[in-house]
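Containing TSV, C-alpha atoms and all ligand atoms: input33.tsv.
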```tsv
chain	number	residue	atom	x	y	z
A	1	MET	CA	-40.97	53.46	-115.94
A	2	LEU	CA	-38.76	51.03	-114.04
A	3	GLU	CA	-37.81	53.66	-111.45
A	4	ASP	CA	-41.51	54.09	-110.56
A	5	ILE	CA	-41.91	50.38	-109.96
A	6	GLU	CA	-38.79	50.32	-107.79
A	7	VAL	CA	-40.02	53.27	-105.72
A	8	ASP	CA	-43.40	51.55	-105.24
A	9	LEU	CA	-41.76	48.33	-104.13
A	10	LEU	CA	-39.35	50.08	-101.78
A	11	LEU	CA	-42.09	52.11	-100.09
A	12	GLU	CA	-44.43	49.13	-99.90
A	13	GLY	CA	-41.67	47.02	-98.33
A	14	ILE	CA	-40.82	49.70	-95.77
A	15	TYR	CA	-44.49	50.07	-94.90
A	16	ARG	CA	-45.12	46.35	-94.53
A	17	TYR	CA	-41.93	45.55	-92.66
A	18	TYR	CA	-41.33	48.65	-90.52
A	19	GLY	CA	-44.74	50.35	-90.51
A	20	PHE	CA	-43.51	53.72	-91.82
A	21	ASP	CA	-45.85	54.82	-94.56
A	22	PHE	CA	-44.29	57.06	-97.21
A	23	ARG	CA	-46.55	55.79	-100.01
A	24	ASN	CA	-48.57	58.98	-100.34
A	25	TYR	CA	-45.73	61.46	-100.08
A	26	SER	CA	-45.20	63.79	-103.00
A	27	ARG	CA	-43.85	61.48	-105.68
A	28	VAL	CA	-41.30	63.93	-107.05
A	29	SER	CA	-39.95	64.77	-103.62
A	30	ILE	CA	-39.73	61.19	-102.29
A	31	THR	CA	-38.11	59.98	-105.51
A	32	ARG	CA	-35.51	62.74	-105.25
A	33	ARG	CA	-34.74	61.82	-101.64
A	34	ILE	CA	-34.53	58.13	-102.47
A	35	SER	CA	-32.08	58.82	-105.30
A	36	TYR	CA	-29.98	60.85	-102.88
A	37	ILE	CA	-30.01	57.96	-100.37
A	38	VAL	CA	-29.08	55.45	-103.08
A	39	GLY	CA	-26.01	57.63	-103.71
A	40	ILE	CA	-24.89	58.07	-100.11
A	41	GLU	CA	-25.38	54.34	-99.43
A	42	GLY	CA	-23.00	53.69	-102.33
A	43	LEU	CA	-25.61	51.76	-104.31
A	44	LYS	CA	-26.54	51.72	-107.96
A	45	THR	CA	-30.29	51.07	-107.92
A	46	ILE	CA	-33.39	51.63	-105.83
A	47	SER	CA	-33.88	47.85	-105.78
A	48	ALA	CA	-30.48	47.50	-104.13
A	49	LEU	CA	-31.59	50.04	-101.53
A	50	GLN	CA	-34.75	48.04	-100.94
A	51	ASP	CA	-32.67	44.94	-100.24
A	52	LYS	CA	-30.36	46.82	-97.87
A	53	VAL	CA	-33.10	48.69	-96.02
A	54	LEU	CA	-35.12	45.51	-95.42
A	55	HIS	CA	-32.18	43.46	-94.19
A	56	ASP	CA	-30.22	46.06	-92.26
A	57	ARG	CA	-31.95	48.05	-89.51
A	58	LYS	CA	-29.09	50.54	-89.34
A	59	CYS	CA	-29.68	51.31	-93.01
A	60	MET	CA	-33.37	51.87	-92.21
A	61	GLU	CA	-32.38	54.27	-89.42
A	62	ARG	CA	-30.20	56.19	-91.86
A	63	PHE	CA	-33.05	56.13	-94.38
A	64	LEU	CA	-35.36	57.82	-91.86
A	65	LEU	CA	-32.79	60.50	-91.09
A	66	ASN	CA	-32.10	61.22	-94.75
A	67	VAL	CA	-35.54	60.91	-96.33
A	68	SER	CA	-37.01	63.90	-94.56
A	69	VAL	CA	-36.74	67.52	-95.62
A	70	ASN	CA	-36.49	69.59	-92.46
A	71	VAL	CA	-36.90	73.11	-93.83
A	72	THR	CA	-38.63	75.34	-91.31
A	73	SER	CA	-38.62	78.92	-90.05
A	74	MET	CA	-40.63	81.20	-87.79
A	75	PHE	CA	-44.08	81.93	-89.27
A	76	ARG	CA	-42.95	80.06	-92.40
A	77	ASP	CA	-46.33	80.24	-94.10
A	78	PRO	CA	-47.79	83.66	-93.21
A	79	SER	CA	-51.13	82.96	-94.92
A	80	PHE	CA	-51.59	79.90	-92.69
A	81	PHE	CA	-51.03	81.92	-89.52
A	82	LEU	CA	-53.28	84.69	-90.80
A	83	ALA	CA	-56.09	82.18	-91.46
A	84	LEU	CA	-55.45	80.55	-88.10
A	85	ARG	CA	-55.81	83.89	-86.36
A	86	SER	CA	-58.95	84.99	-88.16
A	87	LEU	CA	-60.80	81.68	-88.64
A	88	VAL	CA	-59.62	79.17	-86.05
A	89	ILE	CA	-58.75	81.24	-82.98
A	90	PRO	CA	-62.36	82.48	-82.51
A	91	ILE	CA	-63.46	78.83	-82.33
A	92	LEU	CA	-60.60	77.78	-80.04
A	93	ARG	CA	-61.52	80.66	-77.73
A	94	THR	CA	-64.78	78.83	-76.91
A	95	TYR	CA	-62.87	75.76	-75.63
A	96	PRO	CA	-61.89	75.46	-71.95
A	97	PHE	CA	-58.68	73.61	-72.81
A	98	ILE	CA	-56.84	73.27	-76.11
A	99	LYS	CA	-54.43	70.56	-77.20
A	100	ILE	CA	-52.41	71.14	-80.36
A	101	TRP	CA	-50.22	68.53	-82.03
A	102	HIS	CA	-47.51	69.55	-84.48
A	103	ALA	CA	-46.86	66.33	-86.38
A	104	GLY	CA	-43.63	66.93	-88.29
A	105	CYS	CA	-42.31	69.81	-86.18
A	106	SER	CA	-38.71	69.70	-87.46
A	107	THR	CA	-36.60	71.85	-85.11
A	108	GLY	CA	-39.66	73.56	-83.64
A	109	GLU	CA	-39.94	76.98	-85.26
A	110	GLU	CA	-43.57	76.30	-86.16
A	111	VAL	CA	-44.30	75.35	-82.55
A	112	TYR	CA	-42.70	78.54	-81.23
A	113	SER	CA	-44.64	80.57	-83.80
A	114	MET	CA	-47.86	78.93	-82.61
A	115	ALA	CA	-46.95	79.61	-78.97
A	116	ILE	CA	-46.33	83.31	-79.75
A	117	LEU	CA	-49.65	83.60	-81.58
A	118	LEU	CA	-51.52	81.90	-78.74
A	119	GLN	CA	-49.82	84.17	-76.20
A	120	GLU	CA	-50.80	87.25	-78.24
A	121	GLU	CA	-54.39	85.97	-78.37
A	122	GLY	CA	-54.44	85.38	-74.60
A	123	LEU	CA	-54.95	81.63	-75.02
A	124	TYR	CA	-51.52	80.22	-74.24
A	125	HIS	CA	-52.30	79.44	-70.59
A	126	ARG	CA	-55.16	77.15	-71.74
A	127	CYS	CA	-53.04	75.25	-74.25
A	128	ARG	CA	-50.86	72.21	-74.34
A	129	LEU	CA	-48.61	71.94	-77.38
A	130	TYR	CA	-47.29	68.57	-78.50
A	131	ALA	CA	-44.57	68.35	-81.12
A	132	THR	CA	-43.15	65.26	-82.79
A	133	ASP	CA	-40.99	64.45	-85.75
A	134	ILE	CA	-40.03	61.26	-87.50
A	135	ASN	CA	-36.44	62.48	-87.75
A	136	GLU	CA	-34.70	62.00	-84.42
A	137	ARG	CA	-31.86	64.29	-85.38
A	138	VAL	CA	-34.07	67.39	-85.52
A	139	TYR	CA	-36.43	66.24	-82.79
A	140	VAL	CA	-33.58	65.84	-80.30
A	141	LYS	CA	-32.58	69.44	-80.98
A	142	LEU	CA	-36.16	70.55	-80.27
A	143	LYS	CA	-36.26	68.70	-76.96
A	144	LEU	CA	-32.97	70.33	-75.95
A	145	VAL	CA	-34.28	73.79	-76.79
A	146	PHE	CA	-37.48	73.23	-74.85
A	147	SER	CA	-35.65	71.97	-71.79
A	148	LEU	CA	-33.54	75.13	-71.49
B	201	LIG	C1	-40.62	70.60	-94.34
B	201	LIG	S1	-40.56	70.21	-92.60
B	201	LIG	C2	-41.80	71.30	-92.01
B	201	LIG	C3	-41.63	71.67	-90.53
B	201	LIG	C4	-42.74	72.50	-89.93
B	201	LIG	N1	-44.01	71.75	-89.88
B	201	LIG	C5	-42.95	73.77	-90.71
B	201	LIG	O1	-43.95	73.85	-91.45
B	201	LIG	O2	-42.14	74.69	-90.58
B	201	LIG	C6	-41.39	68.62	-92.57
B	201	LIG	C7	-41.06	67.81	-91.31
B	201	LIG	O3	-41.98	66.72	-91.22
B	201	LIG	C8	-41.28	65.58	-90.75
B	201	LIG	N2	-42.03	64.39	-91.15
B	201	LIG	C9	-42.22	63.91	-92.38
B	201	LIG	N3	-42.98	62.81	-92.34
B	201	LIG	C10	-43.31	62.60	-91.03
B	201	LIG	C11	-44.09	61.62	-90.37
B	201	LIG	N4	-44.68	60.64	-91.03
B	201	LIG	N5	-44.22	61.71	-89.02
B	201	LIG	C12	-43.62	62.71	-88.34
B	201	LIG	N6	-42.84	63.67	-88.92
B	201	LIG	C13	-42.70	63.61	-90.26
B	201	LIG	C14	-39.91	65.71	-91.39
B	201	LIG	O4	-38.90	64.99	-90.68
B	201	LIG	C15	-39.67	67.22	-91.35
B	201	LIG	O5	-38.95	67.61	-90.20
```
Go ahead and express the file in the form of structure tokens.
Ligand SMILES: C[S@@+](CC[C@H](N)C(=O)[O-])C[C@H]1O[C@@H](n2cnc3c(N)ncnc32)[C@H](O)[C@@H]1O
Amino acid sequence: MLEDIEVDLLLEGIYRYYGFDFRNYSRVSITRRISYIVGIEGLKTISALQDKVLHDRKCMERFLLNVSVNVTSMFRDPSFFLALRSLVIPILRTYPFIKIWHAGCSTGEEVYSMAILLQEEGLYHRCRLYATDINERVYVKLKLVFSL
């Protein structure tokens, strides 16, 4: 399908020119986001978006803000935290110092959930939590919350 080819070319171009690699994201989800961005950029095709994104850095910045889905909540995936508590915490307990990186932290609810769990397990004082997100809009909010 033509749309598939256009998505491939757009993502390949973004990767090769800017270094952001969205090529292995869920195809359905990334295609939906790209279609949304085509609309808000006032364009008709994904190829037109490719042209704009590659020649206009501001458009690329907007692309990064709009391509991500920032859904999050405290203990969003209970089965993950349950498994973490029963399977991973016993191993972490054997470490003198623990560094945890939340790549894709959105506004930070997952990080706070982790901090609560570590506190409950008596490990928080041995931990350093890092949290980053590709979307500056949500990441800035997280930094503000943490600096309070
Ligand atoms: C659906 S949210 C999930 C947030 C949190 N991890 C949770 O489970 O509640 C996904 C987040 O990952 C971020 N993200 C996606 N791709 C990323 C990348 N390559 N590097 C850093 N963050 C990324 C998005 O901006 C978004 O905020």
Rank nothing, just name the residue among A:Cys127, A:Ile100, A:Ile46, A:Val69 nearest to ligand LIG 201 (chain B), using all atoms listed in the file.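 Comparing A:Cys127, A:Ile100, A:Ile46, A:Val69 against ligand LIG 201 (chain B), the winner is A:Val69.
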So which one's closest to A:Met74, A:Ile40, A:Met114, A:Ile14, A:Leu9? Using only C-alpha atoms, please.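 Among the listed residues, the smallest separation from A:Met74 belongs to A:Met114.
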Rank nothing, just name the residue among A:Glu121, A:Asn24, A:Glu136, A:Leu92 nearest to A:Ser68, using all atoms listed in the file.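 For A:Ser68, the nearest of the candidates is A:Glu136.
Counting from atom CA of A:Val7, the distance to atom CA of A:Ile34 is 8.0 Å.
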All residues 12 Å or closer to A:Ser113, all atoms listed in the file, same chain fewer than 6 positions away omitted, as number ranges by chain: A: 72-78, 80-82, 84-85, 102, 105, 107, 119-120, 124, 129
So how many Å separate atom CA of A:Leu43 and atom CA of A:Tyr15, to one decimal?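 Atom CA of A:Leu43 sits 21.2 Å away from atom CA of A:Tyr15.
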What is the distance between atom CA of A:Asp133 and atom CA of A:Asp51, in Å to one decimal?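 About the pair atom CA of A:Asp133 and atom CA of A:Asp51: they are 25.7 Å apart.
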A:Arg126: which residues within 10 Å, counting all atoms listed in the file, same-chain residues fewer than 2 positions away excluded, as a PyMOL selection string? chain A and resi 92-93+95-99+118-119+122-124+128
For A:Phe20, the nearest of the candidates A:Ile37, A:Val88, A:Ile134, A:Leu142, counting all atoms listed in the file: A:Ile134
So, counting only C-alpha atoms and all ligand atoms, which residue among A:Tyr36, A:Tyr18, A:Tyr25, A:Tyr130 is closest to ligand LIG 201 (chain B)?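 Closest residue, counting only C-alpha atoms and all ligand atoms: A:Tyr25.
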Between A:Ser79, A:Asn70, A:Thr94, A:Ser35, which residue has the minimum interatomic distance to ligand LIG 201 (chain B), considering only C-alpha atoms and all ligand atoms? A:Asn70
Once 5 Å is added on each side, what centre and edge lengths in Å to one decimal does the axis-aligned box around all listed atoms of stretch 91-94 of chain A have, as JSON?
```
{"center_x": -62.7, "center_y": 79.2, "center_z": -79.6, "size_x": 14.2, "size_y": 12.9, "size_z": 15.4}
```
Using all atoms listed in the file, determine which residues lie at most 8 Å from A:Asn135, disregarding the query and same-chain residues fewer than 3 positions distant; provide the list as a ChimeraX atom specification. /A:64-65,68,106,138-139
Need the shell around A:Ala131: protein/DNA/RNA residues with any atom at most 8 Å away, counting all atoms listed in the file. Skip same-chain ones fewer than 4 positions apart. Format as a PyMOL selection string? chain A and resi 101-105+108+111
Take stretch 67-88 of chain A, bring it up to N, CA and C atoms, and give me the output as a compact mmCIF listing (two decimals), keeping the file's coordinate frame.
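File written: result.txt
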```txt
# COMPACT_ATOMS: atom_id res chain seq x y z
N VAL A 67 -34.40 60.78 -95.41
CA VAL A 67 -35.54 60.91 -96.33
C VAL A 67 -36.30 62.21 -96.09
N SER A 68 -36.18 62.74 -94.87
CA SER A 68 -37.01 63.90 -94.56
C SER A 68 -36.34 65.21 -94.96
N VAL A 69 -37.20 66.16 -95.31
CA VAL A 69 -36.74 67.52 -95.62
C VAL A 69 -37.16 68.36 -94.42
N ASN A 70 -36.19 68.97 -93.75
CA ASN A 70 -36.49 69.59 -92.46
C ASN A 70 -36.55 71.12 -92.50
N VAL A 71 -36.82 71.66 -93.69
CA VAL A 71 -36.90 73.11 -93.83
C VAL A 71 -37.98 73.66 -92.91
N THR A 72 -37.64 74.68 -92.16
CA THR A 72 -38.63 75.34 -91.31
C THR A 72 -38.13 76.74 -90.99
N SER A 73 -39.02 77.59 -90.52
CA SER A 73 -38.62 78.92 -90.05
C SER A 73 -39.81 79.50 -89.29
N MET A 74 -39.55 80.56 -88.56
CA MET A 74 -40.63 81.20 -87.79
C MET A 74 -41.69 81.72 -88.77
N PHE A 75 -42.94 81.47 -88.46
CA PHE A 75 -44.08 81.93 -89.27
C PHE A 75 -43.82 81.66 -90.76
N ARG A 76 -43.40 80.43 -91.05
CA ARG A 76 -42.95 80.06 -92.40
C ARG A 76 -44.01 80.32 -93.48
N ASP A 77 -45.26 80.03 -93.13
CA ASP A 77 -46.33 80.24 -94.10
C ASP A 77 -47.28 81.30 -93.52
N PRO A 78 -47.00 82.58 -93.81
CA PRO A 78 -47.79 83.66 -93.21
C PRO A 78 -49.29 83.53 -93.44
N SER A 79 -49.68 83.04 -94.64
CA SER A 79 -51.13 82.96 -94.92
C SER A 79 -51.80 81.93 -94.00
N PHE A 80 -51.04 80.89 -93.62
CA PHE A 80 -51.59 79.90 -92.69
C PHE A 80 -51.85 80.54 -91.33
N PHE A 81 -50.87 81.31 -90.85
CA PHE A 81 -51.03 81.92 -89.52
C PHE A 81 -52.11 83.01 -89.53
N LEU A 82 -52.23 83.69 -90.67
CA LEU A 82 -53.28 84.69 -90.80
C LEU A 82 -54.66 84.02 -90.72
N ALA A 83 -54.81 82.91 -91.46
CA ALA A 83 -56.09 82.18 -91.46
C ALA A 83 -56.36 81.60 -90.08
N LEU A 84 -55.31 81.11 -89.45
CA LEU A 84 -55.45 80.55 -88.10
C LEU A 84 -56.01 81.62 -87.16
N ARG A 85 -55.40 82.80 -87.26
CA ARG A 85 -55.81 83.89 -86.36
C ARG A 85 -57.26 84.31 -86.62
N SER A 86 -57.61 84.44 -87.88
CA SER A 86 -58.95 84.99 -88.16
C SER A 86 -60.06 83.92 -88.14
N LEU A 87 -59.74 82.69 -88.53
CA LEU A 87 -60.80 81.68 -88.64
C LEU A 87 -60.82 80.67 -87.49
N VAL A 88 -59.66 80.27 -87.03
CA VAL A 88 -59.62 79.17 -86.05
C VAL A 88 -59.61 79.67 -84.60
```
